[in-house]
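Raw protein-v7.csv, CSV, C-alpha atoms:
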```csv
chain,number,residue,atom,x,y,z
A,482,MET,CA,18.2,31.6,-31.5
A,483,VAL,CA,21.3,29.4,-31.5
A,484,TYR,CA,19.3,26.7,-33.2
A,485,CYS,CA,18.3,29.3,-35.9
A,486,GLN,CA,21.9,30.3,-36.5
A,487,LYS,CA,22.9,26.6,-36.9
A,488,ILE,CA,20.1,26.2,-39.5
A,489,GLN,CA,21.2,29.3,-41.3
A,490,LYS,CA,24.8,28.0,-41.5
A,491,ASN,CA,23.6,24.7,-42.9
A,492,PHE,CA,21.6,26.5,-45.6
A,493,LEU,CA,24.6,28.6,-46.6
A,494,LYS,CA,26.9,25.5,-46.8
A,495,SER,CA,24.4,23.7,-49.0
A,496,GLY,CA,24.2,26.7,-51.3
A,497,LYS,CA,20.4,27.1,-50.7
A,498,HIS,CA,18.9,30.5,-50.4
A,499,TYR,CA,18.0,31.4,-46.8
A,500,PHE,CA,16.1,34.5,-45.6
A,501,LYS,CA,14.3,35.5,-42.4
A,502,LEU,CA,10.6,36.0,-42.3
A,503,LYS,CA,9.7,39.7,-42.3
A,504,ILE,CA,6.3,41.1,-41.2
A,505,LEU,CA,4.8,44.5,-41.5
A,506,ILE,CA,2.1,45.4,-39.0
A,507,SER,CA,-0.4,48.2,-39.3
A,508,PRO,CA,-1.9,48.3,-35.8
A,509,SER,CA,-5.2,49.7,-34.5
A,510,PHE,CA,-5.1,53.5,-34.4
A,511,LEU,CA,-6.6,53.2,-30.9
A,512,ILE,CA,-3.3,52.1,-29.4
A,513,THR,CA,-1.0,54.5,-31.2
A,514,LYS,CA,0.9,57.5,-29.9
A,515,LYS,CA,-0.5,59.7,-32.7
A,516,TYR,CA,-4.0,59.0,-31.6
A,517,LEU,CA,-3.6,59.0,-27.8
A,518,THR,CA,-1.4,62.1,-27.5
A,519,SER,CA,-3.6,64.5,-29.4
A,520,LEU,CA,-4.1,67.8,-27.6
A,521,PHE,CA,-7.8,67.2,-27.2
A,522,ASP,CA,-7.4,63.6,-25.8
A,523,ASN,CA,-4.6,64.7,-23.4
A,524,PHE,CA,-7.0,67.4,-22.1
A,525,LEU,CA,-9.7,64.9,-21.5
A,526,ILE,CA,-7.4,62.3,-19.8
A,527,ASN,CA,-5.0,64.5,-17.8
A,528,PHE,CA,-7.2,67.4,-16.8
A,529,LEU,CA,-10.8,66.4,-16.8
A,530,LYS,CA,-9.9,62.9,-15.5
A,531,ILE,CA,-12.5,61.3,-17.8
A,532,LYS,CA,-12.4,57.5,-17.8
A,533,LYS,CA,-11.6,55.7,-21.0
A,534,SER,CA,-15.1,54.3,-21.4
A,535,HIS,CA,-17.0,56.0,-24.2
A,536,LYS,CA,-14.7,59.0,-24.3
A,537,ILE,CA,-11.1,57.7,-24.5
A,538,GLU,CA,-10.1,54.4,-26.2
A,539,LEU,CA,-7.0,54.0,-24.0
A,540,VAL,CA,-7.1,50.2,-23.8
A,541,ASN,CA,-7.5,47.9,-26.8
A,542,GLY,CA,-6.9,44.1,-26.8
A,543,GLU,CA,-5.5,43.9,-30.3
A,544,LEU,CA,-1.9,44.0,-29.2
A,545,ASN,CA,-2.5,41.0,-27.0
A,546,HIS,CA,-2.7,38.9,-30.2
A,547,TYR,CA,0.2,40.1,-32.3
A,548,GLY,CA,2.3,42.2,-29.9
A,549,GLU,CA,4.8,39.4,-29.2
A,550,ILE,CA,5.5,38.4,-32.8
A,551,SER,CA,8.7,40.4,-32.6
A,552,LYS,CA,9.8,38.0,-29.7
A,553,ILE,CA,9.3,35.1,-32.0
A,554,LEU,CA,10.8,36.4,-35.2
A,555,GLY,CA,13.3,38.9,-33.7
A,556,SER,CA,12.7,42.6,-33.4
A,557,ASP,CA,14.7,43.3,-36.6
A,558,ASN,CA,12.1,41.4,-38.7
A,559,VAL,CA,8.9,43.0,-37.5
A,560,PHE,CA,8.0,46.6,-38.3
A,561,TYR,CA,5.0,48.7,-37.2
A,562,LEU,CA,3.6,51.5,-39.4
A,563,ASP,CA,2.5,53.6,-36.4
A,564,GLU,CA,4.2,54.0,-33.0
A,565,ILE,CA,2.5,52.2,-30.1
A,566,HIS,CA,1.7,54.6,-27.3
A,567,PRO,CA,4.4,54.3,-24.6
A,568,ILE,CA,1.8,53.4,-21.9
A,569,TYR,CA,1.8,49.9,-23.4
A,570,VAL,CA,5.6,49.6,-23.3
A,571,LYS,CA,7.8,48.2,-20.5
A,572,ASP,CA,9.3,50.8,-18.0
A,573,TYR,CA,7.0,53.6,-19.1
A,574,CYS,CA,3.8,51.8,-18.1
A,575,SER,CA,5.1,50.8,-14.7
A,576,GLU,CA,5.8,54.5,-14.0
A,577,TYR,CA,2.3,55.4,-15.2
A,578,PHE,CA,0.7,53.0,-12.8
A,579,LYS,CA,2.6,54.3,-9.8
A,580,ASN,CA,0.0,57.1,-9.8
A,581,SER,CA,-3.2,55.5,-8.3
A,582,GLU,CA,-5.3,58.2,-10.0
A,583,ASN,CA,-4.5,56.6,-13.4
A,584,TYR,CA,-6.4,53.5,-12.4
A,585,GLN,CA,-9.6,55.5,-13.1
A,586,LEU,CA,-8.6,56.1,-16.7
A,587,ILE,CA,-8.2,52.6,-17.8
A,588,GLU,CA,-9.7,49.2,-17.6
A,589,SER,CA,-7.9,46.8,-15.2
A,590,TYR,CA,-6.6,44.2,-17.6
A,591,PRO,CA,-2.9,43.7,-17.0
A,592,SER,CA,-2.6,41.7,-20.2
A,593,ASN,CA,-2.8,44.9,-22.2
A,594,PHE,CA,0.5,46.3,-21.0
A,595,ASN,CA,4.3,45.7,-20.6
A,596,TYR,CA,5.3,45.0,-24.2
A,597,GLU,CA,8.8,45.3,-25.7
A,598,LYS,CA,9.4,48.4,-27.7
A,599,GLN,CA,8.7,47.8,-31.4
A,600,ASN,CA,10.4,48.9,-34.6
A,601,TYR,CA,8.6,51.6,-36.6
A,602,ILE,CA,8.6,52.4,-40.2
A,603,THR,CA,6.8,55.1,-42.2
A,604,LEU,CA,4.7,54.6,-45.3
A,605,ASP,CA,7.3,56.6,-47.3
A,606,GLU,CA,10.1,54.4,-46.0
A,607,VAL,CA,8.2,51.2,-47.1
A,608,LEU,CA,7.9,52.6,-50.6
A,609,LYS,CA,11.4,54.2,-50.9
A,610,LYS,CA,13.4,51.5,-49.3
A,611,LYS,CA,11.5,48.7,-51.1
A,612,ILE,CA,11.9,46.3,-48.1
A,613,LYS,CA,10.6,42.9,-49.0
A,614,PHE,CA,8.0,41.9,-46.5
A,615,ASP,CA,6.7,38.3,-46.6
A,616,PHE,CA,3.5,39.3,-44.8
A,617,ALA,CA,1.7,42.5,-43.9
A,618,ILE,CA,-1.0,42.5,-41.2
A,619,PHE,CA,-3.5,45.3,-41.3
A,620,SER,CA,-5.8,45.9,-38.3
A,621,ILE,CA,-9.3,46.7,-39.5
A,622,LYS,CA,-8.9,49.8,-37.4
A,623,SER,CA,-5.7,51.0,-39.0
A,624,PHE,CA,-5.4,54.6,-39.9
A,625,ASN,CA,-7.1,55.0,-43.3
A,626,GLN,CA,-4.0,56.2,-45.1
A,627,ASN,CA,-2.1,53.0,-44.2
A,628,PHE,CA,-4.4,51.0,-46.5
A,629,GLU,CA,-3.0,53.0,-49.4
A,630,ILE,CA,-0.1,50.6,-49.7
A,631,VAL,CA,-2.1,47.4,-49.8
A,632,LYS,CA,-2.1,47.2,-53.6
A,633,TYR,CA,1.6,48.0,-53.7
A,634,LEU,CA,2.4,45.3,-51.2
A,635,GLN,CA,0.3,42.8,-53.2
A,636,SER,CA,2.1,43.8,-56.4
A,637,ILE,CA,5.5,42.8,-54.9
A,638,ASN,CA,4.1,39.4,-53.7
A,639,THR,CA,3.6,40.3,-50.0
A,640,LYS,CA,0.7,38.4,-48.6
A,641,VAL,CA,-1.7,40.9,-47.1
A,642,ILE,CA,-3.6,39.9,-44.0
A,643,MET,CA,-6.7,41.4,-42.4
A,644,PHE,CA,-6.9,41.4,-38.6
A,645,ASP,CA,-10.5,42.0,-37.5
A,646,LYS,CA,-11.1,42.2,-33.7
A,647,LEU,CA,-14.3,44.2,-33.9
A,648,ASP,CA,-17.3,42.9,-32.0
A,649,ASP,CA,-19.7,41.6,-34.7
A,650,PRO,CA,-22.8,40.2,-33.0
A,651,ASN,CA,-24.9,40.4,-36.1
A,652,ILE,CA,-22.7,38.0,-38.0
A,653,TYR,CA,-24.4,35.1,-36.2
A,654,PHE,CA,-27.7,35.9,-37.7
A,655,LYS,CA,-26.7,36.3,-41.4
A,656,GLY,CA,-27.2,32.7,-42.5
A,657,ARG,CA,-24.9,29.9,-43.4
A,658,ASN,CA,-24.1,31.2,-46.9
A,659,PHE,CA,-22.6,34.4,-45.6
A,660,LYS,CA,-19.0,34.8,-46.7
A,661,ILE,CA,-16.8,36.8,-44.3
A,662,SER,CA,-14.0,37.3,-46.9
A,663,GLU,CA,-16.4,39.1,-49.3
A,664,ASN,CA,-17.1,42.0,-46.9
A,665,TYR,CA,-13.8,43.9,-47.0
A,666,LYS,CA,-12.7,46.6,-49.4
A,667,TYR,CA,-9.6,44.7,-50.4
A,668,ASN,CA,-9.1,41.1,-51.4
A,669,PHE,CA,-7.1,39.9,-48.4
A,670,ASP,CA,-5.0,36.8,-48.7
A,671,LEU,CA,-5.9,35.7,-45.2
A,672,ILE,CA,-8.2,36.9,-42.5
A,673,PHE,CA,-7.9,36.6,-38.7
A,674,LYS,CA,-11.3,37.4,-37.1
A,675,GLN,CA,-12.7,37.4,-33.6
A,676,ASP,CA,-16.3,36.3,-34.5
A,677,ILE,CA,-16.5,33.4,-36.8
A,678,PRO,CA,-19.7,31.3,-36.6
A,679,LEU,CA,-19.1,27.6,-36.1
A,680,TRP,CA,-20.6,26.8,-39.5
A,681,ASN,CA,-18.3,29.1,-41.5
A,682,ASN,CA,-16.0,27.0,-43.8
A,683,GLU,CA,-13.9,29.6,-45.6
A,684,GLU,CA,-10.4,28.3,-45.9
A,685,ASN,CA,-8.6,31.6,-45.5
A,686,VAL,CA,-10.5,32.8,-42.4
A,687,PHE,CA,-8.9,31.9,-39.1
A,688,PRO,CA,-10.2,32.5,-35.5
A,689,ILE,CA,-8.5,34.6,-32.8
A,690,ALA,CA,-10.9,34.2,-29.9
A,691,PRO,CA,-10.5,34.3,-27.0
A,692,ILE,CA,-8.5,37.4,-26.1
A,693,PRO,CA,-5.2,36.0,-24.8
A,694,SER,CA,-3.7,36.8,-21.4
A,695,ILE,CA,-0.4,37.1,-19.5
A,696,ILE,CA,0.1,34.6,-16.8
A,697,LYS,CA,1.1,35.7,-13.3
A,698,ASN,CA,3.1,33.6,-10.9
A,699,LEU,CA,0.6,32.8,-8.2
A,700,ASN,CA,1.9,32.1,-4.7
A,701,GLU,CA,0.4,29.6,-2.3
A,702,ARG,CA,-1.9,32.1,-0.6
A,703,ASP,CA,-3.4,33.0,-4.0
A,704,ILE,CA,-4.2,29.4,-5.1
A,705,LYS,CA,-5.4,27.9,-1.8
A,706,ILE,CA,-8.6,26.3,-2.9
A,707,LYS,CA,-9.9,25.4,0.5
A,708,ASN,CA,-10.1,28.8,2.2
A,709,LYS,CA,-12.1,30.7,-0.4
A,710,SER,CA,-15.1,32.3,1.2
A,711,ASN,CA,-17.4,33.3,-1.6
A,712,ASN,CA,-19.1,30.9,-4.0
A,713,PHE,CA,-19.3,33.2,-7.0
A,714,TYR,CA,-17.9,36.6,-8.1
A,715,PHE,CA,-18.9,38.8,-11.0
A,716,VAL,CA,-19.1,42.6,-11.4
A,717,GLY,CA,-19.7,44.0,-14.9
A,718,ASP,CA,-21.9,45.9,-17.3
A,719,TYR,CA,-25.1,44.8,-18.9
A,720,ARG,CA,-26.7,46.9,-21.6
A,721,ARG,CA,-29.9,45.5,-23.0
A,722,ASN,CA,-29.8,44.8,-26.8
A,723,ILE,CA,-26.1,45.4,-26.7
A,724,THR,CA,-24.6,42.9,-24.3
A,725,ARG,CA,-25.6,39.3,-24.9
A,726,LYS,CA,-28.6,38.3,-22.8
A,727,ASP,CA,-26.9,35.2,-21.3
A,728,ARG,CA,-24.8,37.6,-19.2
A,729,PHE,CA,-28.0,38.8,-17.5
A,730,ASP,CA,-29.5,35.3,-17.4
A,731,ILE,CA,-26.5,33.6,-15.7
A,732,ILE,CA,-26.3,36.3,-13.0
A,733,GLU,CA,-30.0,36.0,-12.3
A,734,PHE,CA,-29.7,32.2,-12.2
A,735,ILE,CA,-26.9,32.4,-9.6
A,736,LYS,CA,-28.8,34.8,-7.4
A,737,LYS,CA,-31.9,32.5,-7.6
A,738,GLU,CA,-30.3,29.1,-7.0
A,739,PHE,CA,-27.3,29.8,-4.8
A,740,ASP,CA,-26.1,31.9,-1.8
A,741,ASN,CA,-22.9,33.5,-0.7
A,742,TYR,CA,-22.1,35.4,-3.8
A,743,PHE,CA,-20.7,38.8,-4.8
A,744,VAL,CA,-22.3,39.7,-8.1
A,745,ASN,CA,-23.4,43.0,-9.5
A,746,LEU,CA,-24.6,44.2,-12.9
A,747,THR,CA,-24.4,47.8,-13.9
A,748,THR,CA,-26.0,49.5,-16.9
A,749,ASP,CA,-23.6,52.5,-17.4
A,750,ARG,CA,-20.1,51.2,-16.8
A,751,LYS,CA,-19.7,52.6,-13.4
A,752,VAL,CA,-16.5,51.8,-11.4
A,753,PHE,CA,-17.7,49.9,-8.4
A,754,LEU,CA,-14.4,48.6,-6.9
A,755,SER,CA,-10.8,49.5,-6.7
A,756,LYS,CA,-8.5,47.1,-8.5
A,757,GLN,CA,-7.1,45.8,-5.2
A,758,ARG,CA,-10.6,45.1,-3.8
A,759,GLN,CA,-11.6,43.4,-7.1
A,760,ASP,CA,-8.4,41.2,-7.0
A,761,ASP,CA,-9.0,40.3,-3.4
A,762,LEU,CA,-12.6,39.1,-4.2
A,763,LEU,CA,-11.4,37.2,-7.3
A,764,PHE,CA,-8.8,35.4,-5.2
A,765,ASN,CA,-11.4,34.7,-2.5
A,766,THR,CA,-14.0,33.1,-4.8
A,767,LYS,CA,-14.6,29.4,-5.5
A,768,ILE,CA,-16.0,29.9,-9.0
A,769,ASN,CA,-15.4,33.1,-11.0
A,770,ILE,CA,-18.0,33.9,-13.6
A,771,SER,CA,-16.9,34.8,-17.2
A,772,PRO,CA,-20.1,35.5,-19.2
A,773,SER,CA,-20.4,36.7,-22.8
A,774,GLY,CA,-20.0,40.4,-23.6
A,775,LYS,CA,-21.4,41.8,-26.9
A,776,VAL,CA,-20.2,38.5,-28.3
A,777,TRP,CA,-18.9,35.3,-26.8
A,778,ASP,CA,-15.3,36.6,-26.5
A,779,SER,CA,-14.3,38.3,-23.3
A,780,TYR,CA,-11.1,39.4,-21.6
A,781,ARG,CA,-12.2,37.4,-18.5
A,782,HIS,CA,-12.2,34.0,-20.3
A,783,CYS,CA,-8.3,34.0,-20.1
A,784,GLU,CA,-7.5,36.7,-17.6
A,785,LEU,CA,-9.3,34.9,-14.8
A,786,VAL,CA,-6.6,32.3,-14.8
A,787,ASN,CA,-4.6,34.6,-12.6
A,788,PHE,CA,-6.9,34.2,-9.6
A,789,GLY,CA,-6.6,30.5,-8.7
A,790,SER,CA,-10.2,29.4,-9.3
A,791,PRO,CA,-12.2,27.6,-12.0
A,792,ILE,CA,-14.5,29.6,-14.2
A,793,LEU,CA,-18.1,29.4,-15.3
A,794,ILE,CA,-18.2,30.2,-19.0
A,795,PRO,CA,-20.7,30.0,-21.9
A,796,LYS,CA,-20.2,27.4,-24.6
A,797,PRO,CA,-18.6,29.1,-27.5
A,798,ASN,CA,-20.8,29.7,-30.6
A,799,CYS,CA,-17.8,30.9,-32.6
A,800,LYS,CA,-14.6,29.2,-33.8
A,801,THR,CA,-11.7,29.6,-31.4
A,802,ALA,CA,-7.9,29.5,-31.7
A,803,PRO,CA,-6.4,26.1,-30.8
A,804,GLY,CA,-7.0,25.2,-27.1
A,805,GLU,CA,-10.6,24.1,-26.3
A,806,PHE,CA,-12.6,25.0,-23.3
A,807,LYS,CA,-14.0,21.6,-22.1
A,808,ASP,CA,-16.9,21.3,-19.7
A,809,MET,CA,-16.0,19.9,-16.2
A,810,GLU,CA,-12.4,19.4,-17.4
A,811,ASN,CA,-10.9,22.9,-17.5
A,812,CYS,CA,-14.0,25.0,-16.9
A,813,ILE,CA,-17.8,24.8,-16.2
A,814,ILE,CA,-19.8,25.5,-19.3
A,815,TYR,CA,-23.3,26.8,-19.4
A,816,GLU,CA,-25.4,26.3,-22.6
A,817,THR,CA,-27.1,29.1,-24.5
A,818,GLN,CA,-29.6,29.1,-27.3
A,819,GLU,CA,-30.3,31.7,-30.0
A,820,ILE,CA,-33.8,33.2,-29.4
A,821,ASN,CA,-35.0,36.2,-31.3
A,822,ASN,CA,-31.5,37.2,-32.4
A,823,ASN,CA,-30.1,36.9,-28.9
A,824,PHE,CA,-28.5,34.2,-26.8
A,825,GLU,CA,-30.3,33.0,-23.7
A,826,LEU,CA,-29.4,30.6,-20.9
A,827,ILE,CA,-30.8,27.1,-21.2
A,828,ASP,CA,-30.5,23.7,-19.5
A,829,GLN,CA,-30.5,25.2,-16.0
A,830,ILE,CA,-31.3,22.0,-14.2
A,831,ASN,CA,-28.2,20.3,-15.5
A,832,LEU,CA,-26.1,23.4,-14.9
A,833,LYS,CA,-27.2,23.6,-11.2
A,834,LYS,CA,-26.1,19.9,-10.7
A,835,LYS,CA,-22.7,20.6,-12.2
A,836,ILE,CA,-22.1,23.7,-10.1
A,837,GLU,CA,-23.2,21.9,-6.9
A,838,ILE,CA,-20.6,19.1,-7.6
A,839,VAL,CA,-17.9,21.7,-8.1
A,840,LEU,CA,-18.8,23.7,-4.9
A,841,ARG,CA,-18.9,20.6,-2.8
A,842,SER,CA,-15.5,19.2,-3.8
A,843,VAL,CA,-12.2,20.9,-3.2
A,844,GLU,CA,-10.4,18.3,-5.3
A,845,THR,CA,-12.8,18.9,-8.2
A,846,ARG,CA,-12.2,22.7,-8.1
A,847,LYS,CA,-8.4,22.1,-7.9
A,848,LYS,CA,-8.4,19.7,-10.8
A,849,ILE,CA,-10.5,22.0,-13.0
A,850,TYR,CA,-8.4,25.0,-12.2
A,851,GLU,CA,-5.1,23.3,-12.9
A,852,ASN,CA,-6.4,22.1,-16.3
A,853,TYR,CA,-7.6,25.7,-16.9
A,854,TYR,CA,-4.2,27.1,-16.1
A,855,ASN,CA,-2.5,24.6,-18.4
A,856,LEU,CA,-5.0,25.5,-21.2
A,857,ILE,CA,-4.1,29.2,-21.0
A,858,VAL,CA,-0.4,28.7,-20.6
A,859,ASN,CA,-0.2,26.3,-23.6
A,860,TYR,CA,-2.6,27.9,-25.9
A,861,HIS,CA,-4.0,31.3,-24.9
A,862,SER,CA,-1.1,33.3,-23.5
A,863,ARG,CA,0.0,36.4,-25.4
A,864,TYR,CA,3.1,34.6,-26.6
A,865,MET,CA,1.3,31.5,-27.8
A,866,ARG,CA,-1.2,33.6,-29.7
A,867,SER,CA,1.6,35.4,-31.6
A,868,LYS,CA,3.1,32.1,-32.3
A,869,TYR,CA,-0.2,30.7,-33.5
A,870,ILE,CA,-0.5,33.7,-35.9
A,871,VAL,CA,3.0,33.2,-37.3
A,872,ASN,CA,2.5,29.4,-37.7
A,873,THR,CA,-0.8,29.9,-39.4
A,874,LEU,CA,0.8,32.2,-41.9
A,875,LYS,CA,3.6,29.8,-42.6
A,876,LYS,CA,1.3,26.7,-43.0
A,877,HIS,CA,-1.2,28.5,-45.2
A,878,PHE,CA,1.3,29.9,-47.5
A,879,LYS,CA,3.7,27.1,-48.3
A,880,SER,CA,6.0,29.2,-50.4
A,881,HIS,CA,6.7,31.4,-47.3
A,882,GLU,CA,7.6,28.5,-45.0
A,883,GLN,CA,10.5,29.4,-42.7
A,884,ILE,CA,12.3,27.7,-39.8
A,885,ILE,CA,12.0,29.8,-36.7
```

Before anything else, please render the file you have as structure tokens.
Amino acid sequence: MVYCQKIQKNFLKSGKHYFKLKILISPSFLITKKYLTSLFDNFLINFLKIKKSHKIELVNGELNHYGEISKILGSDNVFYLDEIHPIYVKDYCSEYFKNSENYQLIESYPSNFNYEKQNYITLDEVLKKKIKFDFAIFSIKSFNQNFEIVKYLQSINTKVIMFDKLDDPNIYFKGRNFKISENYKYNFDLIFKQDIPLWNNEENVFPIAPIPSIIKNLNERDIKIKNKSNNFYFVGDYRRNITRKDRFDIIEFIKKEFDNYFVNLTTDRKVFLSKQRQDDLLFNTKINISPSGKVWDSYRHCELVNFGSPILIPKPNCKTAPGEFKDMENCIIYETQEINNNFELIDQINLKKKIEIVLRSVETRKKIYENYYNLIVNYHSRYMRSKYIVNTLKKHFKSHEQII
């Protein structure tokens, strides 16, 4: 911040125009106070104790990507069109989690919570105050009325960005001539998207996979590589023709080829374990499994960095944000192949050999995990993802370059 102030003084002395980058964000309605505090949803959550899955969208990973832009640019330069539900905000969320019953209402991804409070602005205020925004980021799941100001923003030379975190499994089967940018209602200046096939070459379409994580401070007990008792751990959902088949395949492969594992697939999103029990198992496992979900992307790919073990992960078939997962360097990669519009596990002989090497060697596991940790810290933390988004905007639009 001191450096920024020095730069600003230099600009003023030289007589050059200086201004701070301003960004408007229209977030996913799923994480807003307006959506989550409706009378009906409150009844479902607080009285019927219905878990989020299928009924209540209480957790959504979008904020993990752009929720810390205000840290980078300063809170006075970032405005949200809708108020984020307090459960995501510091102080409030810690109080919420003191009640153990609330664990049944949410998915146990710590990275979704504990954000700074954001600045909010209404649609009317944007139009009346005529604030000059350099960029406006619209979630594909924004409230519909928010899109009403897209054309206005474009008319005053605001670059309008689409943020698309929807699972899009069918995009991989559309063919190499398919253009992502042509499939939105508005002509967005730039698109951040979760699922971008490797062959896509559109210059204004940028990847956001994998879902970024917070990084906990692990103590010595947590990261002791030697004393882990299980070879593998995974508990998760598999729904045929919805979840990618390699999730089923990799679990069946582990059960067939190895012993001493704790793995379980469910078909209806049942809660098998308490969070404490799950965490204990993750800390106690030599290799934690992070398979695909509906698409390659998964919370686990980055979140598992908080448990002191290397991960077994599918080779990405989508473009990713900077920071590459590299086989036997910062993870163990299994290969998949597209068969009948699905992705199936292949090259099992080679995979078995790699896993055996990792299970036999404490030093190999330690080295892979340390590289995995460095990968997430340097590229796939929440803060680094927000920084990536800001830097991508600056680089792509030369006329909006700023010094941060």

Quick one: distance from atom CA of Asn595 of chain A to atom CA of Tyr573 of chain A in Å, one decimal?
-> 8.5 Å

Long-range neighbours of Pro803 of chain A as a list in words, 12 Å cut-off, only C-alpha atoms, 5 positions minimum in chain |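 Those residues are Phe687, Pro688, Ile689, Ala690, Pro691, Pro693, Leu856, Ile857, Asn859, Tyr860, His861, Ser862, Met865, Arg866, Lys868, Tyr869, Ile870, Asn872 and Thr873 of chain A.
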
Among the residues A:Glu851, A:Glu684, A:Asp730, A:Asp808, the one that comes closest to Phe788 of chain A [using all atoms listed in the file] =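 Once distances to Phe788 of chain A are computed over all atoms listed in the file, the minimum belongs to A:Glu851.
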
Do you know which residues are at most 9 Å from segment 733-741 of chain A counting all atoms listed in the file, after dropping those on the same chain fewer than 4 positions away, and could you put them as a PDB file with C-alpha atoms, in the coordinates of the input?
```
ATOM      1  CA  SER A 710     -15.100  32.300   1.200  1.00  0.00           C
ATOM      2  CA  ASN A 711     -17.400  33.300  -1.600  1.00  0.00           C
ATOM      3  CA  ASN A 712     -19.100  30.900  -4.000  1.00  0.00           C
ATOM      4  CA  PHE A 713     -19.300  33.200  -7.000  1.00  0.00           C
ATOM      5  CA  ARG A 728     -24.800  37.600 -19.200  1.00  0.00           C
ATOM      6  CA  PHE A 729     -28.000  38.800 -17.500  1.00  0.00           C
ATOM      7  CA  LEU A 826     -29.400  30.600 -20.900  1.00  0.00           C
ATOM      8  CA  GLN A 829     -30.500  25.200 -16.000  1.00  0.00           C
ATOM      9  CA  LYS A 833     -27.200  23.600 -11.200  1.00  0.00           C
TER      10      LYS A 833
END
```

Atom CA of Lys660 of chain A and atom CA of Asn822 of chain A are how many Å apart?
-> 19.1 Å

So which residues touch Ile661 of chain A within 9 Å, counting all atoms listed in the file, skipping near sequence neighbours fewer than 5 positions away, as a VMD selection string?
-> chain A and resid 652 672 677 681 683 686

Identify which of the residues A:Thr639, A:Ser694, A:Asn855, A:Thr747 lies closest to Gly717 of chain A, counting only C-alpha atoms when measuring atom-to-atom distances.
->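 Smallest separation from Gly717 of chain A among the options: A:Thr747.
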
Contact residues around Phe715 of chain A with only C-alpha atoms at 8 Å, ignoring same-chain residues under 5 positions, as an MDAnalysis selection string = chainID A and resid 743:745 769:771

Which one of A:Lys609, A:Lys800, A:Lys775, A:Lys514 sits closest to Asn651 of chain A if you count all atoms listed in the file?
->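 Under the stated criterion, the closest residue is A:Lys775.
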
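Take atom CA of Glu810 of chain A and atom CA of Asn852 of chain A: the distance between them is 6.7 Å.
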
One residue among A:Ile814, A:Ile565, A:Ser773, A:Ser779 is nearest to Leu793 of chain A when using only C-alpha atoms, and that residue is A:Ile814

Just the residues within 10 Å of Lys646 of chain A, please, counting only C-alpha atoms, with nothing from its chain fewer than 2 positions along; format it as a list in words.
-> Ser509, Asn541, Gly542, Glu543, His546, Ser620, Ile621, Lys622, Met643, Phe644, Asp648, Asp649, Phe673, Lys674, Gln675, Asp676, Pro688, Ile689, Ala690 and Ile692 of chain A

Min atom-atom distance to Glu784 of chain A from the set A:Thr513, A:Asn545, A:Ser867, A:Asn831, counting all atoms listed in the file, belongs to A:Asn545

Kindly extract all protein, DNA and RNA residues lying within 12 Å of the coordinates (-23.9, 21.6, -16.1) given in the file, considering all atoms listed in the file, and supply them as a PyMOL selection string.
-> chain A and resi 793-796+807-810+812-817+826-839

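Closest approach to Gly548 of chain A among A:Val871, A:Asn722, A:Asp727, A:Gln759: A:Val871, based on all atoms listed in the file.
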
Expected residue set, 9 Å radius at (0.5, 46.7, -35.3), all atoms listed in the file, as a PyMOL selection string = chain A and resi 505-510+512-513+543-544+547-548+560-565+618-620+623

Go ahead and dump the residues you just picked, C-alpha atoms, as a PDB file, keeping the file's coordinate frame.
```pdb
ATOM      1  CA  LEU A 505       4.800  44.500 -41.500  1.00  0.00           C
ATOM      2  CA  ILE A 506       2.100  45.400 -39.000  1.00  0.00           C
ATOM      3  CA  SER A 507      -0.400  48.200 -39.300  1.00  0.00           C
ATOM      4  CA  PRO A 508      -1.900  48.300 -35.800  1.00  0.00           C
ATOM      5  CA  SER A 509      -5.200  49.700 -34.500  1.00  0.00           C
ATOM      6  CA  PHE A 510      -5.100  53.500 -34.400  1.00  0.00           C
ATOM      7  CA  ILE A 512      -3.300  52.100 -29.400  1.00  0.00           C
ATOM      8  CA  THR A 513      -1.000  54.500 -31.200  1.00  0.00           C
ATOM      9  CA  GLU A 543      -5.500  43.900 -30.300  1.00  0.00           C
ATOM     10  CA  LEU A 544      -1.900  44.000 -29.200  1.00  0.00           C
ATOM     11  CA  TYR A 547       0.200  40.100 -32.300  1.00  0.00           C
ATOM     12  CA  GLY A 548       2.300  42.200 -29.900  1.00  0.00           C
ATOM     13  CA  PHE A 560       8.000  46.600 -38.300  1.00  0.00           C
ATOM     14  CA  TYR A 561       5.000  48.700 -37.200  1.00  0.00           C
ATOM     15  CA  LEU A 562       3.600  51.500 -39.400  1.00  0.00           C
ATOM     16  CA  ASP A 563       2.500  53.600 -36.400  1.00  0.00           C
ATOM     17  CA  GLU A 564       4.200  54.000 -33.000  1.00  0.00           C
ATOM     18  CA  ILE A 565       2.500  52.200 -30.100  1.00  0.00           C
ATOM     19  CA  ILE A 618      -1.000  42.500 -41.200  1.00  0.00           C
ATOM     20  CA  PHE A 619      -3.500  45.300 -41.300  1.00  0.00           C
ATOM     21  CA  SER A 620      -5.800  45.900 -38.300  1.00  0.00           C
ATOM     22  CA  SER A 623      -5.700  51.000 -39.000  1.00  0.00           C
TER      23      SER A 623
END
```
